[in-house]
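A.B. asks: The following block contains the structure, expressed as structure tokens.
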Amino acid sequence: MLKPKKIYKLSIYLSIIGLILASYLFYSYLAPTPPGLCNITATINCDAVTKGPLAELFGIPVSLVGLIGYTFILYASLMKFKKLHLAMTTFGMIFCLSLTYLEIFVEKVFCPVCGACQLVMLILFILSLKLNYGHSRSQRPPQSH
């Protein structure tokens, strides 16, 4: 079983990876000519997401939401704020699942970097669940009757 110290350490590393991936997507959003590193085909393509209809939500770049989210998760991991960690990873999972659905079933594209972000968020969410709810019976306080 992972101890909280190990979970926070893994969360820090994963948050940094998420920040790097989200930074690439934000750069692709801002750049007049995106780098195109993950444009494999018309359906496996990051530009379709960073420059297309899914690039913004209420006028805010989706990649910026990702950057902010990973920043908060990194902060929660460094400060060992497990409730903030859970709140942010839960939001991140819901946000990622929504985007994945829209990418695949509405836009009919898959963004490999977005997929990597979603995988990182899934692992962070699982770690957060373990951190918040993964106590063994011996670690729980005795129940009063």
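Labels used: A, B, ... for chains in the order of the structure tokens, numbers from 1 for residues in each chain, and numbers from 1 for ligands as shown.
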Any idea what's packed within 12 Å of Val62 of chain A, counting only C-alpha atoms, ignoring anything in its chain fewer than 4 positions away? Could you give it as number ranges by chain?
C.D. replies: A: 22-23, 25-30, 49-58, 66-69, 92, 95-96, 98-99, 114
A.B. asks: From segment 1-111 of chain A, collect each residue whose DSSP state is alpha helix (DSSP H) and return the set as JSON, numbers by chain.
C.D. replies: {"A": [4, 5, 6, 7, 8, 9, 10, 11, 12, 13, 14, 15, 16, 17, 18, 19, 20, 21, 22, 23, 24, 25, 26, 27, 28, 29, 30, 47, 48, 49, 50, 62, 63, 64, 65, 66, 67, 68, 69, 70, 71, 72, 73, 74, 75, 76, 77, 78, 79, 82, 83, 84, 85, 86, 87, 88, 89, 90, 91, 92, 93, 94, 95, 96, 97, 98, 99, 100, 101]}
A.B. asks: Just list the residues in chain A DSSP gives strand (DSSP E or B) on the backbone, as JSON, numbers by chain.
C.D. replies: {"A": [44, 56, 57, 60, 61, 110]}
A.B. asks: Go ahead and compute the interatomic distance for atom CA of Tyr8 of chain A and atom CA of Val113 of chain A, in Å to one decimal.
C.D. replies: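 Computing it gives 23.8 Å between the two atoms.
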A.B. asks: When you count only C-alpha atoms, which of these residues is closest to Tyr101 of chain A: A:Lys3, A:Gln118, A:Leu37, A:Met88?
C.D. replies: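 Result for the nearest residue to Tyr101 of chain A: A:Gln118.
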A.B. asks: For Ile40 of chain A, work out the shell of residues within 10 Å, counting only C-alpha atoms and skipping chain neighbours fewer than 4 positions away, then give it as a PyMOL selection string.
C.D. replies: chain A and resi 36+44-46+111-112
A.B. asks: Selected residues, C-alpha atoms, written as a compact mmCIF listing (two decimals), in the first residue's frame, please.
C.D. replies:
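What ended up in selection-v2.txt:
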# COMPACT_ATOMS: atom_id res chain seq x y z
CA GLY A 36 2.36 20.23 -35.21
CA ILE A 44 -5.25 11.85 -34.80
CA ASN A 45 -4.37 15.48 -34.50
CA CYS A 46 -3.72 18.07 -31.77
CA CYS A 111 -5.44 14.52 -29.65
CA PRO A 112 -2.49 12.40 -28.42
A.B. asks: Can you work out which one of A:Met1, A:Ile7, A:Leu129, A:Ala31 has the shortest atom-to-atom distance to Leu78 of chain A, counting only C-alpha atoms?
C.D. replies: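 For Leu78 of chain A, the nearest of the given residues is A:Ile7.
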A.B. asks: Using only C-alpha atoms, which residue out of A:Phe91, A:Tyr70, A:Phe110, A:Tyr24 lies closest to Ala42 of chain A?
C.D. replies: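 Among the listed residues, A:Phe110 lies closest to Ala42 of chain A.
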A.B. asks: Restricting the calculation to only C-alpha atoms, which member of A:Ser77, A:Glu103, A:Lys108, A:Ile126 is positioned closest to Lys5 of chain A?
C.D. replies: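 Once distances to Lys5 of chain A are computed over only C-alpha atoms, the minimum belongs to A:Ser77.
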